[in-house]
$ cat structure_28.tsv   # TSV, C-alpha atoms
chain	number	residue	atom	x	y	z
A	1	MET	CA	163.75	28.08	-26.92
A	2	SER	CA	161.34	28.73	-24.06
A	3	LEU	CA	159.33	25.67	-25.08
A	4	TRP	CA	162.49	23.57	-24.90
A	5	PHE	CA	163.16	24.91	-21.41
A	6	TRP	CA	159.74	23.85	-20.12
A	7	VAL	CA	159.98	20.47	-21.86
A	8	ILE	CA	163.14	19.83	-19.84
A	9	VAL	CA	161.57	21.20	-16.63
A	10	ALA	CA	158.59	18.85	-17.06
A	11	CYS	CA	160.96	15.91	-17.61
A	12	VAL	CA	163.08	16.72	-14.54
A	13	ILE	CA	160.00	17.14	-12.31
A	14	GLY	CA	158.54	13.92	-13.74
A	15	PHE	CA	161.65	11.92	-12.89
A	16	LEU	CA	162.07	13.45	-9.43
A	17	THR	CA	158.42	12.65	-8.64
A	18	LYS	CA	159.00	9.00	-9.50
A	19	LEU	CA	162.27	8.92	-7.56
A	20	LEU	CA	160.61	10.54	-4.54
A	21	GLY	CA	158.48	7.44	-4.04
A	22	TYR	CA	161.64	5.33	-3.76
A	23	LEU	CA	163.31	7.68	-1.30
A	24	LEU	CA	160.58	8.82	1.09
A	25	PRO	CA	159.70	6.92	4.23
A	26	ARG	CA	156.79	4.66	3.44
A	27	LYS	CA	154.33	6.13	5.92
A	28	TRP	CA	154.38	9.55	4.18
A	29	LEU	CA	152.84	8.25	1.00
A	30	THR	CA	150.71	5.50	2.47
A	31	ASN	CA	148.69	8.20	4.22
A	32	PRO	CA	145.22	7.43	2.80
A	33	ARG	CA	144.46	11.11	2.30
A	34	VAL	CA	147.57	11.59	0.13
A	35	ALA	CA	146.70	8.49	-1.93
A	36	ARG	CA	143.14	9.75	-2.36
A	37	VAL	CA	144.29	13.19	-3.52
A	38	ALA	CA	146.69	11.61	-6.04
A	39	GLY	CA	143.93	9.38	-7.43
A	40	ILE	CA	141.30	12.10	-7.63
A	41	LEU	CA	143.79	14.55	-9.15
A	42	THR	CA	144.47	12.02	-11.92
A	43	ILE	CA	140.76	11.64	-12.69
A	44	GLY	CA	140.10	15.39	-12.51
A	45	LEU	CA	143.00	16.35	-14.76
A	46	LEU	CA	142.18	13.74	-17.41
A	47	ALA	CA	138.50	14.79	-17.40
A	48	SER	CA	139.54	18.42	-17.71
A	49	LEU	CA	141.99	17.72	-20.54
A	50	THR	CA	139.34	15.69	-22.36
A	51	ILE	CA	136.68	18.40	-22.25
A	52	ALA	CA	139.14	21.27	-22.87
A	53	ASN	CA	140.38	19.55	-26.02
A	54	THR	CA	136.77	18.96	-27.09
A	55	VAL	CA	135.16	22.38	-26.68
A	56	ALA	CA	137.86	25.00	-26.10
A	57	THR	CA	139.47	27.02	-28.88
A	58	GLY	CA	141.75	29.44	-27.11
A	59	GLN	CA	139.42	31.29	-24.73
A	60	GLN	CA	136.30	30.46	-26.71
A	61	LEU	CA	133.88	27.58	-26.37
A	62	ALA	CA	132.92	25.93	-29.65
A	63	LEU	CA	130.86	22.92	-30.60
A	64	ASP	CA	132.48	21.40	-33.67
A	65	ALA	CA	133.65	18.12	-35.17
A	66	ARG	CA	135.63	17.34	-32.01
A	67	LEU	CA	132.35	16.66	-30.22
A	68	GLY	CA	131.70	13.89	-32.75
A	69	ALA	CA	135.16	12.52	-31.96
A	70	LEU	CA	134.30	12.44	-28.24
A	71	VAL	CA	131.05	10.54	-28.84
A	72	ALA	CA	132.68	8.11	-31.27
A	73	ALA	CA	135.56	7.45	-28.86
A	74	ALA	CA	133.13	6.85	-25.98
A	75	ILE	CA	131.27	4.28	-28.07
A	76	ALA	CA	134.54	2.57	-29.03
A	77	LEU	CA	135.62	2.45	-25.37
A	78	TRP	CA	132.25	1.13	-24.30
A	79	LEU	CA	132.71	-1.67	-26.86
A	80	ARG	CA	136.11	-2.32	-25.22
A	81	ALA	CA	138.20	-1.35	-28.24
A	82	PRO	CA	141.96	-1.13	-27.59
A	83	PHE	CA	143.48	2.32	-27.01
A	84	LEU	CA	144.97	2.73	-30.49
A	85	VAL	CA	141.66	1.85	-32.15
A	86	VAL	CA	139.88	4.41	-29.94
A	87	VAL	CA	142.31	7.11	-31.07
A	88	ILE	CA	141.87	6.18	-34.74
A	89	VAL	CA	138.07	6.16	-34.35
A	90	GLY	CA	138.23	9.65	-32.81
A	91	ALA	CA	140.36	10.98	-35.67
A	92	ALA	CA	138.15	9.34	-38.29
A	93	ALA	CA	134.98	10.81	-36.74
A	94	ALA	CA	136.42	14.35	-36.70
A	95	ALA	CA	137.83	14.06	-40.23
A	96	GLY	CA	134.59	12.53	-41.51
A	97	LEU	CA	132.38	15.21	-39.96
A	98	ARG	CA	134.57	17.92	-41.50
A	99	LEU	CA	134.20	16.27	-44.90
A	100	LEU	CA	130.44	16.55	-44.37
A	101	GLY	CA	130.78	20.26	-43.69
A	102	TRP	CA	130.97	20.51	-39.87
A	103	PRO	CA	133.53	23.10	-38.77
B	1	MET	CA	160.06	-22.85	-7.52
B	2	PRO	CA	161.79	-20.44	-9.90
B	3	THR	CA	160.86	-20.87	-13.53
B	4	ARG	CA	163.05	-20.08	-16.50
B	5	LEU	CA	162.58	-16.61	-17.95
B	6	ARG	CA	160.79	-17.85	-21.06
B	7	ASP	CA	158.24	-19.71	-18.95
B	8	SER	CA	157.87	-16.84	-16.49
B	9	PRO	CA	154.26	-15.63	-16.19
B	10	GLY	CA	155.43	-12.18	-15.05
B	11	ALA	CA	157.70	-11.75	-18.06
B	12	ARG	CA	155.03	-13.02	-20.41
B	13	VAL	CA	152.41	-10.57	-19.16
B	14	GLY	CA	155.06	-7.82	-19.18
B	15	LEU	CA	155.93	-8.51	-22.80
B	16	SER	CA	152.36	-8.50	-24.03
B	17	ILE	CA	151.56	-5.29	-22.16
B	18	ALA	CA	154.76	-3.76	-23.59
B	19	ILE	CA	153.64	-4.46	-27.14
B	20	ALA	CA	150.09	-3.20	-26.53
B	21	THR	CA	151.26	-0.01	-24.81
B	22	GLY	CA	154.35	0.64	-26.91
B	23	LEU	CA	152.25	0.80	-30.06
B	24	TYR	CA	150.26	3.78	-28.89
B	25	GLY	CA	153.46	5.80	-28.88
B	26	ILE	CA	152.45	6.32	-32.52
B	27	SER	CA	149.48	8.43	-31.48
B	28	PHE	CA	151.58	10.43	-29.03
B	29	GLY	CA	154.23	11.15	-31.68
B	30	ALA	CA	151.69	12.25	-34.28
B	31	LEU	CA	149.69	14.41	-31.84
B	32	SER	CA	152.79	16.01	-30.38
B	33	VAL	CA	154.01	17.18	-33.79
B	34	ALA	CA	150.47	18.33	-34.66
B	35	SER	CA	150.32	20.45	-31.51
B	36	GLY	CA	153.44	22.32	-32.52
B	37	LEU	CA	156.38	20.56	-30.87
B	38	ASP	CA	159.25	19.58	-33.14
B	39	ILE	CA	160.44	16.00	-33.56
B	40	TRP	CA	163.30	16.44	-31.06
B	41	GLN	CA	161.03	17.88	-28.36
B	42	THR	CA	158.60	15.03	-28.99
B	43	ALA	CA	161.40	12.47	-28.67
B	44	ALA	CA	162.73	14.19	-25.53
B	45	LEU	CA	159.33	13.88	-23.80
B	46	SER	CA	159.11	10.15	-24.50
B	47	LEU	CA	162.74	9.54	-23.56
B	48	LEU	CA	162.95	11.69	-20.42
B	49	LEU	CA	159.41	12.27	-19.12
B	50	PHE	CA	158.20	8.77	-20.05
B	51	SER	CA	154.74	8.82	-18.53
B	52	GLY	CA	151.93	8.61	-21.09
B	53	GLY	CA	149.36	10.71	-19.23
B	54	SER	CA	151.84	13.49	-18.41
B	55	GLN	CA	153.12	13.56	-21.99
B	56	PHE	CA	149.61	13.84	-23.41
B	57	ALA	CA	148.84	16.54	-20.83
B	58	PHE	CA	151.86	18.58	-21.91
B	59	ILE	CA	150.98	18.54	-25.61
B	60	GLY	CA	147.25	18.87	-24.87
B	61	VAL	CA	147.80	22.22	-23.16
B	62	ILE	CA	150.16	23.43	-25.92
B	63	ALA	CA	147.66	22.38	-28.61
B	64	GLY	CA	144.96	24.46	-26.90
B	65	GLY	CA	147.15	27.56	-27.01
B	66	GLY	CA	148.31	27.33	-23.38
B	67	THR	CA	151.72	28.52	-22.21
B	68	PRO	CA	154.61	26.07	-21.76
B	69	VAL	CA	154.47	26.81	-18.01
B	70	ALA	CA	150.85	25.64	-17.83
B	71	ALA	CA	151.79	22.60	-19.92
B	72	ALA	CA	154.64	21.65	-17.58
B	73	SER	CA	152.39	22.21	-14.54
B	74	ALA	CA	149.66	19.95	-15.91
B	75	ALA	CA	152.26	17.28	-16.71
B	76	ALA	CA	153.78	17.54	-13.23
B	77	LEU	CA	150.40	17.29	-11.47
B	78	LEU	CA	149.37	14.29	-13.53
B	79	GLY	CA	152.68	12.64	-12.59
B	80	ILE	CA	151.97	12.78	-8.84
B	81	ARG	CA	150.47	9.28	-8.86
B	82	ASN	CA	153.90	7.99	-9.92
B	83	ALA	CA	155.23	8.93	-6.47
B	84	ILE	CA	152.65	6.59	-4.93
B	85	TYR	CA	153.62	3.87	-7.41
B	86	GLY	CA	157.32	4.39	-6.59
B	87	MET	CA	156.61	3.91	-2.91
B	88	GLN	CA	154.63	0.72	-3.57
B	89	LEU	CA	157.30	-0.69	-5.89
B	90	ASN	CA	160.10	0.20	-3.49
B	91	ALA	CA	158.36	-1.85	-0.80
B	92	LEU	CA	157.84	-4.70	-3.27
B	93	LEU	CA	161.17	-4.88	-5.11
B	94	HIS	CA	163.76	-3.08	-2.93
B	95	PRO	CA	166.00	-1.96	-5.82
B	96	ARG	CA	169.50	-0.93	-4.72
B	97	GLY	CA	172.19	1.34	-6.19
B	98	TRP	CA	171.78	2.38	-9.83
B	99	ARG	CA	168.81	0.05	-10.19
B	100	ARG	CA	166.82	2.38	-7.98
B	101	PHE	CA	167.21	5.20	-10.52
B	102	ALA	CA	166.43	2.91	-13.45
B	103	ALA	CA	163.41	1.53	-11.58
B	104	ALA	CA	162.19	5.07	-10.87
B	105	HIS	CA	162.39	5.99	-14.55
B	106	VAL	CA	160.35	3.00	-15.73
B	107	THR	CA	157.79	3.41	-12.92
B	108	ILE	CA	154.52	3.92	-14.79
B	109	ASP	CA	150.93	2.66	-14.63
B	110	GLU	CA	151.62	-0.50	-16.60
B	111	SER	CA	154.84	-1.65	-14.90
B	112	LEU	CA	153.18	-1.19	-11.50
B	113	ALA	CA	150.10	-3.14	-12.59
B	114	THR	CA	152.13	-5.98	-14.12
B	115	SER	CA	154.27	-6.28	-11.02
B	116	THR	CA	151.56	-6.06	-8.37
B	117	GLY	CA	149.43	-8.56	-10.27
B	118	GLN	CA	151.98	-11.30	-9.52
B	119	SER	CA	152.27	-13.01	-6.16
B	120	ASP	CA	155.74	-14.57	-6.30
B	121	PRO	CA	158.51	-12.02	-5.52
B	122	LEU	CA	160.66	-13.21	-8.43
B	123	GLU	CA	157.75	-12.87	-10.84
B	124	GLN	CA	156.90	-9.43	-9.43
B	125	ARG	CA	160.45	-8.36	-10.22
B	126	ARG	CA	160.45	-9.90	-13.71
B	127	GLY	CA	157.04	-8.46	-14.51
B	128	PHE	CA	158.12	-4.97	-13.47
B	129	TRP	CA	161.36	-4.93	-15.44
B	130	VAL	CA	160.06	-6.63	-18.58
B	131	ALA	CA	157.01	-4.34	-18.73
B	132	GLY	CA	158.97	-1.19	-17.77
B	133	VAL	CA	161.97	-1.63	-20.04
B	134	GLY	CA	159.91	-3.20	-22.85
B	135	ILE	CA	157.45	-0.30	-22.91
B	136	PHE	CA	160.31	2.22	-22.70
B	137	VAL	CA	162.00	0.79	-25.80
B	138	LEU	CA	158.83	0.37	-27.87
B	139	TRP	CA	157.18	3.62	-26.71
B	140	ASN	CA	160.23	5.61	-27.81
B	141	ALA	CA	160.53	3.79	-31.13
B	142	PHE	CA	156.85	4.27	-31.96
B	143	THR	CA	156.90	7.90	-30.81
B	144	LEU	CA	159.46	8.53	-33.56
B	145	VAL	CA	157.35	6.63	-36.10
B	146	GLY	CA	154.32	8.76	-35.17
B	147	ALA	CA	156.28	12.01	-35.15
B	148	PHE	CA	157.69	11.44	-38.64
B	149	ALA	CA	154.37	10.19	-39.98
B	150	GLY	CA	152.52	13.13	-38.41
B	151	ASP	CA	155.05	15.54	-39.87
B	152	ALA	CA	154.38	14.14	-43.34
B	153	LEU	CA	150.59	14.43	-43.05
B	154	GLY	CA	150.26	18.18	-43.50
B	155	ASP	CA	147.22	19.96	-42.02
B	156	PRO	CA	146.47	18.06	-38.78
B	157	LYS	CA	142.79	19.12	-38.75
B	158	ARG	CA	142.12	17.55	-42.14
B	159	TRP	CA	143.11	14.21	-40.67
B	160	GLY	CA	141.07	14.78	-37.53
B	161	LEU	CA	144.14	14.82	-35.28
B	162	ASP	CA	142.38	17.18	-32.86
B	163	GLY	CA	139.66	14.54	-32.61
B	164	ALA	CA	142.38	11.95	-31.98
B	165	ALA	CA	143.61	14.01	-29.02
B	166	VAL	CA	140.09	14.09	-27.54
B	167	ALA	CA	139.83	10.31	-27.98
B	168	ALA	CA	143.27	9.77	-26.42
B	169	PHE	CA	142.36	11.70	-23.26
B	170	LEU	CA	139.03	9.93	-22.95
B	171	GLY	CA	140.89	6.62	-23.41
B	172	LEU	CA	143.22	7.50	-20.52
B	173	LEU	CA	140.31	8.57	-18.31
B	174	TRP	CA	137.95	5.67	-19.06
B	175	PRO	CA	139.62	2.82	-17.12
B	176	ARG	CA	139.62	5.00	-13.99
B	177	LEU	CA	135.86	5.50	-14.01
B	178	ARG	CA	134.93	2.24	-12.33
B	179	SER	CA	133.05	3.74	-9.41
B	180	ARG	CA	130.18	6.21	-9.29
B	181	GLU	CA	132.31	8.57	-7.21
B	182	ALA	CA	135.01	8.63	-9.89
B	183	GLY	CA	132.40	9.48	-12.52
B	184	ALA	CA	131.03	12.30	-10.38
B	185	ILE	CA	134.52	13.75	-9.88
B	186	ALA	CA	135.14	13.63	-13.64
B	187	VAL	CA	131.87	15.49	-14.32
B	188	VAL	CA	132.59	18.16	-11.69
B	189	CYS	CA	136.11	18.78	-13.02
B	190	ALA	CA	134.89	18.86	-16.63
B	191	LEU	CA	132.25	21.45	-15.65
B	192	ALA	CA	134.82	23.54	-13.76
B	193	THR	CA	136.96	23.53	-16.92
B	194	VAL	CA	134.13	24.62	-19.23
B	195	VAL	CA	133.12	27.42	-16.86
B	196	ALA	CA	136.72	28.65	-16.57
B	197	VAL	CA	137.59	28.64	-20.30
B	198	PRO	CA	136.15	32.09	-21.21
B	199	PHE	CA	137.64	33.83	-18.17
B	200	VAL	CA	141.27	32.70	-17.95
B	201	PRO	CA	144.10	32.19	-20.48
B	202	PRO	CA	144.32	28.83	-22.32
B	203	GLY	CA	145.84	26.05	-20.23
B	204	ILE	CA	144.74	27.59	-16.93
B	205	PRO	CA	141.27	25.93	-16.89
B	206	ILE	CA	143.06	22.60	-16.53
B	207	LEU	CA	144.88	23.89	-13.46
B	208	VAL	CA	141.57	25.21	-12.08
B	209	ALA	CA	140.18	21.69	-12.42
B	210	ALA	CA	143.29	20.38	-10.63
B	211	VAL	CA	142.58	22.67	-7.67
B	212	VAL	CA	138.94	21.51	-7.57
B	213	ALA	CA	140.04	17.84	-7.73
B	214	ALA	CA	142.67	18.28	-5.01
B	215	ALA	CA	140.09	19.99	-2.78
B	216	ILE	CA	137.62	17.14	-3.29
B	217	GLY	CA	140.38	14.65	-2.47
B	218	TRP	CA	141.56	16.51	0.61
B	219	PHE	CA	138.23	17.50	2.15
B	220	GLY	CA	136.03	14.82	0.60
B	221	SER	CA	134.49	11.79	2.23
B	222	PRO	CA	137.12	9.65	3.96
B	223	ARG	CA	134.82	6.68	3.41
B	224	ALA	CA	135.67	6.74	-0.29
B	225	PRO	CA	137.93	3.85	-1.31
B	226	GLU	CA	141.58	4.66	-0.92
B	227	GLY	CA	143.60	4.98	-4.11
B	228	GLU	CA	140.51	5.70	-6.20
B	229	GLY	CA	141.57	6.46	-9.76
B	230	LEU	CA	145.04	5.01	-9.46
B	231	GLU	CA	144.25	2.23	-11.90
B	232	PRO	CA	146.55	1.83	-14.91
B	233	ASP	CA	145.65	3.00	-18.41
B	234	ILE	CA	145.76	-0.58	-19.62
B	235	ASP	CA	144.90	-3.56	-17.47
B	236	PRO	CA	147.47	-6.32	-17.98
B	237	TYR	CA	145.23	-8.91	-16.39
B	238	ARG	CA	142.05	-8.20	-18.28
B	239	GLY	CA	140.76	-11.30	-19.94
B	240	GLY	CA	137.48	-13.05	-20.57
B	241	ASP	CA	134.51	-11.37	-18.92
B	242	SER	CA	136.13	-10.20	-15.67
B	243	PRO	CA	136.67	-6.45	-16.00
B	244	GLY	CA	138.54	-6.09	-12.70
B	245	ARG	CA	142.22	-6.62	-12.13
B	246	SER	CA	143.18	-10.01	-10.79
B	247	THR	CA	145.25	-9.83	-7.65
B	248	SER	CA	146.07	-13.50	-7.65
B	249	ALA	CA	149.07	-15.04	-9.35
B	250	ALA	CA	149.50	-15.32	-13.09
B	251	GLY	CA	146.55	-14.94	-15.38
B	252	ASP	CA	147.54	-17.75	-17.70
B	253	THR	CA	148.67	-20.67	-15.63
$ encode --input "structure_28.tsv" --output "structure tokens"
Amino acid sequence: MSLWFWVIVACVIGFLTKLLGYLLPRKWLTNPRVARVAGILTIGLLASLTIANTVATGQQLALDARLGALVAAAIALWLRAPFLVVVIVGAAAAAGLRLLGWP
Amino acid sequence: MPTRLRDSPGARVGLSIAIATGLYGISFGALSVASGLDIWQTAALSLLLFSGGSQFAFIGVIAGGGTPVAAASAAALLGIRNAIYGMQLNALLHPRGWRRFAAAHVTIDESLATSTGQSDPLEQRRGFWVAGVGIFVLWNAFTLVGAFAGDALGDPKRWGLDGAAVAAFLGLLWPRLRSREAGAIAVVCALATVVAVPFVPPGIPILVAAVVAAAIGWFGSPRAPEGEGLEPDIDPYRGGDSPGRSTSAAGDT
């Protein structure tokens, strides 16, 4: 039930954030420092989520098949593959490495 | 001169971006179920949160064993750029009444990019609504497809779904790494995460990285280009060999 609660909280905050942009006076958000923080926050969070999903298992660091998925996805992106193909390549790399005996 | 809707360059770009983006709802649906949310919670995120990055952030934290509070926080922080988009689109489209609420809900990377890539006000409006509403419909439909398919797969690790999550986050990050500064920020935040993992509960390392990123943004060099990293996940105007986004009128006239 608690998970449901936070799902709804995330949704409400998400919508209010979007709506805020339509309601606030323009000069508040055109402040270059605010725009820079929003942009850098996006990069930082996505980088953090990427690496956390690659090497973290709970509070432990582990090098396993997910590392292969990261490398394979990077190659696919470098070759300009579309998003869905990148995701499939990542899954295939992890599944394939596990078949070969990687944890 | 106003064109008919079927000849509209804005609507055409919007439709193609809707199909390309809507399809990857499949990966969100499958990953969400694999990370432990049920089908209804998965559907609720796509229907009500409707912001790809934030949705992936939520399930990414849950999958790593983080608390729902940390998941919601990560999703909220990643949604902050939508406030900037909302402000830009408000200045561009001036929606009134109920349309303002509908416009806010379909304000995402792709609808912003489709709209701002057009120069004619009518086409900006058409591009925004066709991309926004089109992605909303398809993203929700394909989320359900992915959720049911993922549910039927059994052990998510056997199918490499944890690897798919890694690839999905890298895919969201990649288009934002156009400058050297962006790459450096990504490396610093990734390092901060790895260092924090053994010392704090799951999910919190992501919030540590958020603090580091916000500090870099706030105190960092004001010479850095404004709006760095606010690029969309998918570039509607990518074509041929030009990697950058076209700011001129339609791509296919």
$ closest_residue --input "structure_28.tsv" --among "A:Leu20, A:Ala62, A:Ala52, A:Leu99" --to "Ile204 of chain B" --atoms "all atoms listed in the file"
A:Ala52
$ residues_near_point --input "structure_28.tsv" --point "(141.5, 23.3, -24.2)" --cutoff "8 Å" --atoms "all atoms listed in the file" --output "JSON, numbers by chain"
{"A": [49, 51, 52, 53, 54, 55, 56, 57, 58], "B": [60, 61, 63, 64, 65, 66, 197, 202, 203, 205, 206]}
$ closest_residue --input "structure_28.tsv" --among "A:Leu100, A:Leu63, A:Ile75, A:Ile13" --to "chain B" --atoms "all atoms listed in the file"
A:Ile13
$ residues_around --input "structure_28.tsv" --residues "Ala164 of chain B" --least-positions-apart "4" --cutoff "6 Å" --atoms "all atoms listed in the file" --output "list of chain:residue names"
A:Val87, A:Gly90, A:Ala91
$ atom_distance --input "structure_28.tsv" --atom1 "atom CA of Ala38 of chain A" --atom2 "atom CA of Ala182 of chain B"
12.7 Å
$ atom_distance --input "structure_28.tsv" --atom1 "atom CA of Asn82 of chain B" --atom2 "atom CA of Lys18 of chain A"
5.2 Å
$ decode --input "structure_28.tsv" --residues "segment 27-36 of chain A" --atoms "all heavy atoms" --output "short mmCIF file (atom, residue, chain, number, x, y, z; two decimals), in the first residue's frame"
data_model
loop_
_atom_site.label_atom_id
_atom_site.label_comp_id
_atom_site.auth_asym_id
_atom_site.auth_seq_id
_atom_site.Cartn_x
_atom_site.Cartn_y
_atom_site.Cartn_z
N LYS A 27 10.11 35.41 -15.85
CA LYS A 27 11.48 35.74 -15.47
C LYS A 27 12.04 34.80 -14.39
O LYS A 27 13.24 34.66 -14.25
CB LYS A 27 11.57 37.21 -15.03
CG LYS A 27 10.80 37.52 -13.78
CD LYS A 27 11.19 38.89 -13.24
CE LYS A 27 10.53 39.12 -11.90
NZ LYS A 27 9.98 40.41 -11.68
N TRP A 28 11.14 34.16 -13.61
CA TRP A 28 11.62 33.25 -12.56
C TRP A 28 12.39 32.09 -13.15
O TRP A 28 13.43 31.69 -12.66
CB TRP A 28 10.45 32.70 -11.76
CG TRP A 28 9.88 33.69 -10.81
CD1 TRP A 28 9.91 35.05 -10.93
CD2 TRP A 28 9.19 33.41 -9.59
NE1 TRP A 28 9.27 35.63 -9.87
CE2 TRP A 28 8.82 34.66 -9.03
CE3 TRP A 28 8.85 32.24 -8.92
CZ2 TRP A 28 8.13 34.75 -7.83
CZ3 TRP A 28 8.15 32.33 -7.73
CH2 TRP A 28 7.80 33.57 -7.19
N LEU A 29 11.82 31.52 -14.22
CA LEU A 29 12.44 30.32 -14.77
C LEU A 29 13.42 30.60 -15.90
O LEU A 29 14.16 29.73 -16.30
CB LEU A 29 11.36 29.33 -15.23
CG LEU A 29 10.54 28.70 -14.09
CD1 LEU A 29 9.43 27.85 -14.65
CD2 LEU A 29 11.41 27.87 -13.18
N THR A 30 13.40 31.84 -16.41
CA THR A 30 14.39 32.13 -17.46
C THR A 30 15.71 32.56 -16.84
O THR A 30 16.67 32.78 -17.55
CB THR A 30 13.90 33.23 -18.43
OG1 THR A 30 13.26 34.24 -17.66
CG2 THR A 30 12.95 32.68 -19.45
N ASN A 31 15.74 32.68 -15.51
CA ASN A 31 17.00 32.91 -14.81
C ASN A 31 18.00 31.84 -15.28
O ASN A 31 17.76 30.66 -15.13
CB ASN A 31 16.74 32.79 -13.31
CG ASN A 31 18.01 32.95 -12.49
OD1 ASN A 31 19.11 32.66 -12.98
ND2 ASN A 31 17.85 33.40 -11.27
N PRO A 32 19.14 32.28 -15.88
CA PRO A 32 20.06 31.30 -16.46
C PRO A 32 20.59 30.30 -15.43
O PRO A 32 20.85 29.14 -15.76
CB PRO A 32 21.20 32.15 -17.01
CG PRO A 32 20.92 33.55 -16.68
CD PRO A 32 19.55 33.67 -16.13
N ARG A 33 20.72 30.74 -14.18
CA ARG A 33 21.23 29.83 -13.17
C ARG A 33 20.22 28.70 -12.90
O ARG A 33 20.60 27.54 -12.77
CB ARG A 33 21.51 30.61 -11.89
CG ARG A 33 22.24 29.80 -10.86
CD ARG A 33 22.59 30.64 -9.65
NE ARG A 33 23.97 31.10 -9.70
CZ ARG A 33 24.59 31.66 -8.65
NH1 ARG A 33 23.93 31.84 -7.53
NH2 ARG A 33 25.83 32.05 -8.76
N VAL A 34 18.94 29.03 -12.87
CA VAL A 34 17.91 28.01 -12.65
C VAL A 34 17.89 27.02 -13.82
O VAL A 34 17.84 25.81 -13.62
CB VAL A 34 16.52 28.67 -12.49
CG1 VAL A 34 15.42 27.62 -12.47
CG2 VAL A 34 16.48 29.52 -11.22
N ALA A 35 17.99 27.55 -15.05
CA ALA A 35 18.00 26.68 -16.23
C ALA A 35 19.22 25.77 -16.20
O ALA A 35 19.14 24.59 -16.56
CB ALA A 35 17.99 27.53 -17.51
N ARG A 36 20.37 26.32 -15.75
CA ARG A 36 21.58 25.51 -15.72
C ARG A 36 21.47 24.40 -14.68
O ARG A 36 21.84 23.26 -14.93
CB ARG A 36 22.80 26.41 -15.44
CG ARG A 36 24.10 25.81 -15.92
CD ARG A 36 25.24 26.80 -15.88
NE ARG A 36 25.50 27.24 -14.53
CZ ARG A 36 25.52 28.51 -14.15
NH1 ARG A 36 25.28 29.45 -15.03
NH2 ARG A 36 25.78 28.83 -12.91
#
